[in-house]
>>> print(open('start_2.cif').read())   # mmCIF, N, CA and C atoms
data_structure
#
loop_
_atom_site.label_atom_id
_atom_site.label_comp_id
_atom_site.auth_asym_id
_atom_site.auth_seq_id
_atom_site.Cartn_x
_atom_site.Cartn_y
_atom_site.Cartn_z
N ILE P 3 -5.89 3.86 9.47
CA ILE P 3 -7.00 4.44 8.74
C ILE P 3 -7.71 3.31 8.00
N HIS P 4 -8.99 3.27 8.12
CA HIS P 4 -9.78 2.23 7.48
C HIS P 4 -9.72 2.38 5.96
N GLY P 5 -9.76 1.26 5.26
CA GLY P 5 -9.63 1.23 3.81
C GLY P 5 -10.61 2.12 3.06
N GLU P 6 -11.85 2.14 3.48
CA GLU P 6 -12.85 2.96 2.79
C GLU P 6 -12.52 4.44 2.90
N LYS P 7 -12.03 4.85 4.05
CA LYS P 7 -11.66 6.24 4.26
C LYS P 7 -10.47 6.62 3.36
N ILE P 8 -9.52 5.72 3.27
CA ILE P 8 -8.36 5.94 2.40
C ILE P 8 -8.82 6.03 0.94
N LYS P 9 -9.68 5.11 0.52
CA LYS P 9 -10.16 5.12 -0.87
C LYS P 9 -10.86 6.43 -1.19
N GLU P 10 -11.61 6.93 -0.25
CA GLU P 10 -12.35 8.18 -0.45
C GLU P 10 -11.40 9.38 -0.53
N LYS P 11 -10.47 9.47 0.41
CA LYS P 11 -9.57 10.62 0.48
C LYS P 11 -8.59 10.65 -0.68
N PHE P 12 -8.14 9.49 -1.12
CA PHE P 12 -7.09 9.43 -2.14
C PHE P 12 -7.59 8.82 -3.45
N GLN P 13 -8.79 9.20 -3.87
CA GLN P 13 -9.36 8.69 -5.12
C GLN P 13 -8.43 8.91 -6.30
N GLU P 14 -7.75 10.05 -6.32
CA GLU P 14 -6.87 10.39 -7.44
C GLU P 14 -5.76 9.34 -7.60
N ILE P 15 -5.12 8.98 -6.52
CA ILE P 15 -4.04 8.00 -6.61
C ILE P 15 -4.58 6.61 -6.92
N PHE P 16 -5.73 6.26 -6.35
CA PHE P 16 -6.33 4.96 -6.64
C PHE P 16 -6.68 4.85 -8.12
N SER P 17 -7.14 5.93 -8.70
CA SER P 17 -7.54 5.90 -10.12
C SER P 17 -6.33 5.76 -11.04
N ARG P 18 -5.15 6.17 -10.60
CA ARG P 18 -3.94 6.07 -11.43
C ARG P 18 -3.20 4.76 -11.24
N ALA P 19 -3.54 4.01 -10.22
CA ALA P 19 -2.85 2.75 -9.94
C ALA P 19 -3.31 1.66 -10.91
N LYS P 20 -2.37 0.81 -11.29
CA LYS P 20 -2.71 -0.32 -12.14
C LYS P 20 -3.72 -1.22 -11.44
N LYS P 21 -3.49 -1.44 -10.15
CA LYS P 21 -4.38 -2.26 -9.35
C LYS P 21 -4.14 -1.90 -7.89
N VAL P 22 -5.19 -1.95 -7.09
CA VAL P 22 -5.09 -1.64 -5.67
C VAL P 22 -5.52 -2.87 -4.88
N TYR P 23 -4.72 -3.22 -3.90
CA TYR P 23 -5.03 -4.35 -3.04
C TYR P 23 -5.25 -3.84 -1.62
N LEU P 24 -6.40 -4.11 -1.07
CA LEU P 24 -6.66 -3.84 0.34
C LEU P 24 -6.85 -5.20 0.98
N SER P 25 -6.11 -5.45 2.05
CA SER P 25 -6.07 -6.81 2.62
C SER P 25 -7.46 -7.35 2.93
N TYR P 26 -8.34 -6.50 3.44
CA TYR P 26 -9.68 -7.00 3.78
C TYR P 26 -10.48 -7.34 2.53
N GLU P 27 -10.13 -6.77 1.38
CA GLU P 27 -10.85 -7.08 0.14
C GLU P 27 -10.35 -8.37 -0.50
N VAL P 28 -9.05 -8.65 -0.38
CA VAL P 28 -8.52 -9.87 -1.00
C VAL P 28 -8.51 -11.05 -0.04
N GLY P 29 -8.91 -10.80 1.21
CA GLY P 29 -9.03 -11.89 2.17
C GLY P 29 -7.70 -12.44 2.66
N LYS P 30 -6.66 -11.61 2.63
CA LYS P 30 -5.34 -12.04 3.10
C LYS P 30 -4.88 -11.10 4.20
N ARG P 31 -4.31 -11.66 5.24
CA ARG P 31 -3.79 -10.84 6.34
C ARG P 31 -2.33 -10.53 6.08
N LYS P 32 -1.89 -9.41 6.61
CA LYS P 32 -0.51 -8.96 6.40
C LYS P 32 0.38 -9.42 7.54
N VAL P 33 0.35 -10.70 7.84
CA VAL P 33 1.14 -11.23 8.95
C VAL P 33 2.37 -11.99 8.49
N SER P 34 2.49 -12.20 7.19
CA SER P 34 3.66 -12.88 6.64
C SER P 34 3.90 -12.35 5.23
N ARG P 35 5.00 -12.77 4.64
CA ARG P 35 5.33 -12.32 3.29
C ARG P 35 4.40 -12.91 2.24
N ASP P 36 3.60 -13.89 2.59
CA ASP P 36 2.71 -14.55 1.62
C ASP P 36 1.83 -13.56 0.87
N VAL P 37 1.27 -12.60 1.57
CA VAL P 37 0.37 -11.64 0.93
C VAL P 37 1.14 -10.80 -0.10
N PHE P 38 2.39 -10.47 0.20
CA PHE P 38 3.18 -9.66 -0.72
C PHE P 38 3.61 -10.49 -1.93
N ASP P 39 3.95 -11.76 -1.69
CA ASP P 39 4.28 -12.66 -2.81
C ASP P 39 3.07 -12.84 -3.72
N PHE P 40 1.87 -12.90 -3.14
CA PHE P 40 0.64 -13.00 -3.93
C PHE P 40 0.49 -11.79 -4.85
N VAL P 41 0.71 -10.59 -4.31
CA VAL P 41 0.57 -9.36 -5.09
C VAL P 41 1.61 -9.31 -6.21
N ILE P 42 2.85 -9.65 -5.89
CA ILE P 42 3.92 -9.64 -6.89
C ILE P 42 3.57 -10.58 -8.04
N GLU P 43 3.14 -11.78 -7.70
CA GLU P 43 2.79 -12.77 -8.72
C GLU P 43 1.56 -12.32 -9.52
N ASP P 44 0.56 -11.81 -8.84
CA ASP P 44 -0.66 -11.38 -9.51
C ASP P 44 -0.40 -10.25 -10.50
N LEU P 45 0.47 -9.31 -10.13
CA LEU P 45 0.76 -8.18 -11.02
C LEU P 45 1.77 -8.54 -12.11
N GLY P 46 2.60 -9.53 -11.84
CA GLY P 46 3.63 -9.90 -12.82
C GLY P 46 4.69 -8.82 -12.99
N LEU P 47 4.95 -8.08 -11.92
CA LEU P 47 5.94 -7.01 -11.95
C LEU P 47 7.11 -7.36 -11.06
N ASP P 48 8.22 -6.64 -11.25
CA ASP P 48 9.31 -6.73 -10.31
C ASP P 48 8.82 -6.11 -9.00
N ALA P 49 9.18 -6.71 -7.89
CA ALA P 49 8.70 -6.22 -6.58
C ALA P 49 9.01 -4.74 -6.37
N SER P 50 10.14 -4.27 -6.86
CA SER P 50 10.54 -2.88 -6.64
C SER P 50 9.64 -1.88 -7.38
N GLU P 51 8.84 -2.37 -8.31
CA GLU P 51 7.91 -1.51 -9.05
C GLU P 51 6.56 -1.37 -8.35
N ILE P 52 6.40 -2.04 -7.21
CA ILE P 52 5.13 -2.05 -6.48
C ILE P 52 5.27 -1.19 -5.24
N LEU P 53 4.34 -0.28 -5.06
CA LEU P 53 4.35 0.59 -3.89
C LEU P 53 3.37 0.06 -2.85
N PHE P 54 3.88 -0.20 -1.65
CA PHE P 54 3.05 -0.66 -0.53
C PHE P 54 2.99 0.46 0.50
N ILE P 55 1.79 0.77 0.96
CA ILE P 55 1.58 1.87 1.91
C ILE P 55 0.89 1.31 3.15
N ASP P 56 1.45 1.62 4.33
CA ASP P 56 0.84 1.17 5.58
C ASP P 56 1.31 2.07 6.71
N ASN P 57 0.60 1.98 7.83
CA ASN P 57 0.98 2.78 8.99
C ASN P 57 1.63 1.96 10.09
N LYS P 58 1.91 0.70 9.82
CA LYS P 58 2.53 -0.17 10.82
C LYS P 58 3.92 -0.61 10.35
N GLU P 59 4.94 -0.25 11.13
CA GLU P 59 6.32 -0.53 10.74
C GLU P 59 6.60 -2.03 10.59
N LYS P 60 5.98 -2.86 11.43
CA LYS P 60 6.20 -4.31 11.32
C LYS P 60 5.74 -4.83 9.96
N ILE P 61 4.62 -4.34 9.49
CA ILE P 61 4.10 -4.77 8.19
C ILE P 61 4.95 -4.20 7.06
N ILE P 62 5.39 -2.95 7.22
CA ILE P 62 6.28 -2.34 6.23
C ILE P 62 7.55 -3.16 6.10
N SER P 63 8.08 -3.65 7.22
CA SER P 63 9.29 -4.48 7.20
C SER P 63 9.09 -5.74 6.37
N LEU P 64 7.93 -6.38 6.51
CA LEU P 64 7.64 -7.57 5.71
C LEU P 64 7.59 -7.24 4.22
N ALA P 65 6.98 -6.10 3.89
CA ALA P 65 6.90 -5.67 2.49
C ALA P 65 8.30 -5.41 1.94
N LYS P 66 9.13 -4.76 2.73
CA LYS P 66 10.51 -4.47 2.30
C LYS P 66 11.29 -5.77 2.09
N GLU P 67 11.08 -6.76 2.97
CA GLU P 67 11.74 -8.06 2.82
C GLU P 67 11.36 -8.71 1.50
N SER P 68 10.16 -8.44 1.03
CA SER P 68 9.71 -8.97 -0.26
C SER P 68 10.20 -8.13 -1.43
N GLY P 69 10.84 -6.98 -1.14
CA GLY P 69 11.40 -6.14 -2.18
C GLY P 69 10.52 -5.01 -2.65
N LEU P 70 9.37 -4.81 -2.00
CA LEU P 70 8.46 -3.75 -2.42
C LEU P 70 8.97 -2.37 -1.99
N ASP P 71 8.62 -1.37 -2.78
CA ASP P 71 8.83 0.03 -2.40
C ASP P 71 7.76 0.33 -1.36
N THR P 72 8.09 1.13 -0.35
CA THR P 72 7.13 1.33 0.73
C THR P 72 7.02 2.79 1.17
N ILE P 73 5.88 3.09 1.74
CA ILE P 73 5.65 4.36 2.43
C ILE P 73 5.02 4.01 3.78
N THR P 74 5.65 4.51 4.86
CA THR P 74 5.07 4.39 6.20
C THR P 74 4.49 5.75 6.54
N PHE P 75 3.29 5.77 7.08
CA PHE P 75 2.65 7.04 7.39
C PHE P 75 1.99 7.01 8.76
N VAL P 76 1.77 8.21 9.30
CA VAL P 76 1.05 8.38 10.57
C VAL P 76 -0.08 9.36 10.29
N GLY P 77 -1.26 8.87 9.99
CA GLY P 77 -2.41 9.72 9.72
C GLY P 77 -2.50 10.16 8.27
N ALA P 78 -3.68 10.61 7.90
CA ALA P 78 -3.98 10.98 6.51
C ALA P 78 -3.13 12.15 6.02
N GLU P 79 -2.89 13.14 6.89
CA GLU P 79 -2.09 14.30 6.47
C GLU P 79 -0.66 13.89 6.14
N ASP P 80 -0.08 13.01 6.96
CA ASP P 80 1.27 12.53 6.72
C ASP P 80 1.34 11.76 5.40
N LEU P 81 0.34 10.92 5.15
CA LEU P 81 0.30 10.16 3.90
C LEU P 81 0.21 11.11 2.72
N GLU P 82 -0.62 12.12 2.82
CA GLU P 82 -0.76 13.09 1.74
C GLU P 82 0.57 13.78 1.46
N ILE P 83 1.29 14.17 2.48
CA ILE P 83 2.61 14.81 2.31
C ILE P 83 3.57 13.86 1.61
N LYS P 84 3.61 12.62 2.04
CA LYS P 84 4.55 11.65 1.46
C LYS P 84 4.20 11.32 0.01
N LEU P 85 2.93 11.27 -0.31
CA LEU P 85 2.53 11.04 -1.70
C LEU P 85 2.89 12.24 -2.57
N LYS P 86 2.73 13.45 -2.05
CA LYS P 86 3.11 14.66 -2.78
C LYS P 86 4.61 14.71 -3.00
N GLU P 87 5.39 14.30 -1.99
CA GLU P 87 6.86 14.28 -2.12
C GLU P 87 7.32 13.38 -3.26
N ARG P 88 6.56 12.34 -3.52
CA ARG P 88 6.89 11.42 -4.61
C ARG P 88 6.24 11.80 -5.94
N GLY P 89 5.50 12.90 -5.94
CA GLY P 89 4.83 13.33 -7.16
C GLY P 89 3.62 12.50 -7.50
N LEU P 90 3.06 11.83 -6.52
CA LEU P 90 1.91 10.97 -6.76
C LEU P 90 0.57 11.68 -6.53
N LEU P 91 0.62 12.87 -5.96
CA LEU P 91 -0.58 13.70 -5.79
C LEU P 91 -0.28 15.08 -6.31
#
>>> encode(input="start_2.cif", output="structure tokens")
Amino acid sequence: IHGEKIKEKFQEIFSRAKKVYLSYEVGKRKVSRDVFDFVIEDLGLDASEILFIDNKEKIISLAKESGLDTITFVGAEDLEIKLKERGLL
């Protein structure tokens, strides 16, 4: 799902987040742990306090290796269900 579509559909969660990183906005690709290390350092939080959401298992694996909490989803409806399960919507 394209970033703009996600931002539109999930405005509520975006508004409650301390900060939101979309790879195309920060100019970093999700092909290595570097992007996740950048986010951890930028936020100054423990990695486990950061939620990373993506629909690609390979990228989720990289985020998990960096210690981030993760949600893997298949489509907007699945993401909505998973966010509700966590009490985020």
>>> select_by_dssp(input="start_2.cif", residues="chain P", states="strand (DSSP E or B)", output="PDB file with N, CA and C atoms, in the coordinates of the input")
ATOM      1  N   LEU P  53       4.340  -0.280  -5.060  1.00  0.00           N
ATOM      2  CA  LEU P  53       4.350   0.590  -3.890  1.00  0.00           C
ATOM      3  C   LEU P  53       3.370   0.060  -2.850  1.00  0.00           C
ATOM      4  N   PHE P  54       3.880  -0.200  -1.650  1.00  0.00           N
ATOM      5  CA  PHE P  54       3.050  -0.660  -0.530  1.00  0.00           C
ATOM      6  C   PHE P  54       2.990   0.460   0.500  1.00  0.00           C
ATOM      7  N   ILE P  55       1.790   0.770   0.960  1.00  0.00           N
ATOM      8  CA  ILE P  55       1.580   1.870   1.910  1.00  0.00           C
ATOM      9  C   ILE P  55       0.890   1.310   3.150  1.00  0.00           C
ATOM     10  N   ASP P  56       1.450   1.620   4.330  1.00  0.00           N
ATOM     11  CA  ASP P  56       0.840   1.170   5.580  1.00  0.00           C
ATOM     12  C   ASP P  56       1.310   2.070   6.710  1.00  0.00           C
ATOM     13  N   ASP P  71       8.620  -1.370  -2.780  1.00  0.00           N
ATOM     14  CA  ASP P  71       8.830   0.030  -2.400  1.00  0.00           C
ATOM     15  C   ASP P  71       7.760   0.330  -1.360  1.00  0.00           C
ATOM     16  N   THR P  72       8.090   1.130  -0.350  1.00  0.00           N
ATOM     17  CA  THR P  72       7.130   1.330   0.730  1.00  0.00           C
ATOM     18  C   THR P  72       7.020   2.790   1.170  1.00  0.00           C
ATOM     19  N   ILE P  73       5.880   3.090   1.740  1.00  0.00           N
ATOM     20  CA  ILE P  73       5.650   4.360   2.430  1.00  0.00           C
ATOM     21  C   ILE P  73       5.020   4.010   3.780  1.00  0.00           C
ATOM     22  N   THR P  74       5.650   4.510   4.860  1.00  0.00           N
ATOM     23  CA  THR P  74       5.070   4.390   6.200  1.00  0.00           C
ATOM     24  C   THR P  74       4.490   5.750   6.540  1.00  0.00           C
TER      25      THR P  74
END
>>> atom_distance(input="start_2.cif", atom1="atom N of Thr72 (chain P)", atom2="atom N of Gly46 (chain P)")
16.6 Å
>>> resolve_selection(input="start_2.cif", expression="the PyMOL selection byres ((chain P and resi 60-66) around 6.5)", output="PDB file with N, CA and C atoms, in the frame of the given file")
ATOM      1  N   LYS P  32      -1.890  -9.410   6.610  1.00  0.00           N
ATOM      2  CA  LYS P  32      -0.510  -8.960   6.400  1.00  0.00           C
ATOM      3  C   LYS P  32       0.380  -9.420   7.540  1.00  0.00           C
ATOM      4  N   SER P  34       2.490 -12.200   7.190  1.00  0.00           N
ATOM      5  CA  SER P  34       3.660 -12.880   6.640  1.00  0.00           C
ATOM      6  C   SER P  34       3.900 -12.350   5.230  1.00  0.00           C
ATOM      7  N   ARG P  35       5.000 -12.770   4.640  1.00  0.00           N
ATOM      8  CA  ARG P  35       5.330 -12.320   3.290  1.00  0.00           C
ATOM      9  C   ARG P  35       4.400 -12.910   2.240  1.00  0.00           C
ATOM     10  N   PHE P  38       2.390 -10.470   0.200  1.00  0.00           N
ATOM     11  CA  PHE P  38       3.180  -9.660  -0.720  1.00  0.00           C
ATOM     12  C   PHE P  38       3.610 -10.490  -1.930  1.00  0.00           C
ATOM     13  N   ASP P  56       1.450   1.620   4.330  1.00  0.00           N
ATOM     14  CA  ASP P  56       0.840   1.170   5.580  1.00  0.00           C
ATOM     15  C   ASP P  56       1.310   2.070   6.710  1.00  0.00           C
ATOM     16  N   LYS P  58       1.910   0.700   9.820  1.00  0.00           N
ATOM     17  CA  LYS P  58       2.530  -0.170  10.820  1.00  0.00           C
ATOM     18  C   LYS P  58       3.920  -0.610  10.350  1.00  0.00           C
ATOM     19  N   GLU P  59       4.940  -0.250  11.130  1.00  0.00           N
ATOM     20  CA  GLU P  59       6.320  -0.530  10.740  1.00  0.00           C
ATOM     21  C   GLU P  59       6.600  -2.030  10.590  1.00  0.00           C
ATOM     22  N   GLU P  67      11.080  -6.760   2.970  1.00  0.00           N
ATOM     23  CA  GLU P  67      11.740  -8.060   2.820  1.00  0.00           C
ATOM     24  C   GLU P  67      11.360  -8.710   1.500  1.00  0.00           C
ATOM     25  N   SER P  68      10.160  -8.440   1.030  1.00  0.00           N
ATOM     26  CA  SER P  68       9.710  -8.970  -0.260  1.00  0.00           C
ATOM     27  C   SER P  68      10.200  -8.130  -1.430  1.00  0.00           C
ATOM     28  N   GLY P  69      10.840  -6.980  -1.140  1.00  0.00           N
ATOM     29  CA  GLY P  69      11.400  -6.140  -2.180  1.00  0.00           C
ATOM     30  C   GLY P  69      10.520  -5.010  -2.650  1.00  0.00           C
ATOM     31  N   LEU P  70       9.370  -4.810  -2.000  1.00  0.00           N
ATOM     32  CA  LEU P  70       8.460  -3.750  -2.420  1.00  0.00           C
ATOM     33  C   LEU P  70       8.970  -2.370  -1.990  1.00  0.00           C
ATOM     34  N   ASP P  71       8.620  -1.370  -2.780  1.00  0.00           N
ATOM     35  CA  ASP P  71       8.830   0.030  -2.400  1.00  0.00           C
ATOM     36  C   ASP P  71       7.760   0.330  -1.360  1.00  0.00           C
TER      37      ASP P  71
END
>>> atom_distance(input="start_2.cif", atom1="atom C of Asp36 (chain P)", atom2="atom N of Phe75 (chain P)")
20.4 Å
>>> atom_distance(input="start_2.cif", atom1="atom C of Glu87 (chain P)", atom2="CA of Lys9 (chain P)")
19.5 Å
>>> axis_aligned_box(input="start_2.cif", around="region 18-25 of chain P", padding_each_side="4 Å", output="AutoDock Vina command-line options")
--center_x -4.9 --center_y -0.6 --center_z -4.6 --size_x 13.1 --size_y 21.5 --size_z 23.1
>>> select_by_dssp(input="start_2.cif", residues="chain P", states="helix (DSSP H, G or I)", output="ChimeraX atom specification")
/P:5-11,13-18,25-28,36-45,49-51,59-67,77-87
>>> closest_residue(input="start_2.cif", among="P:Ile83, P:Val41, P:Thr74, P:Ser25", to="Phe54 (chain P)", atoms="all atoms listed in the file")
P:Thr74
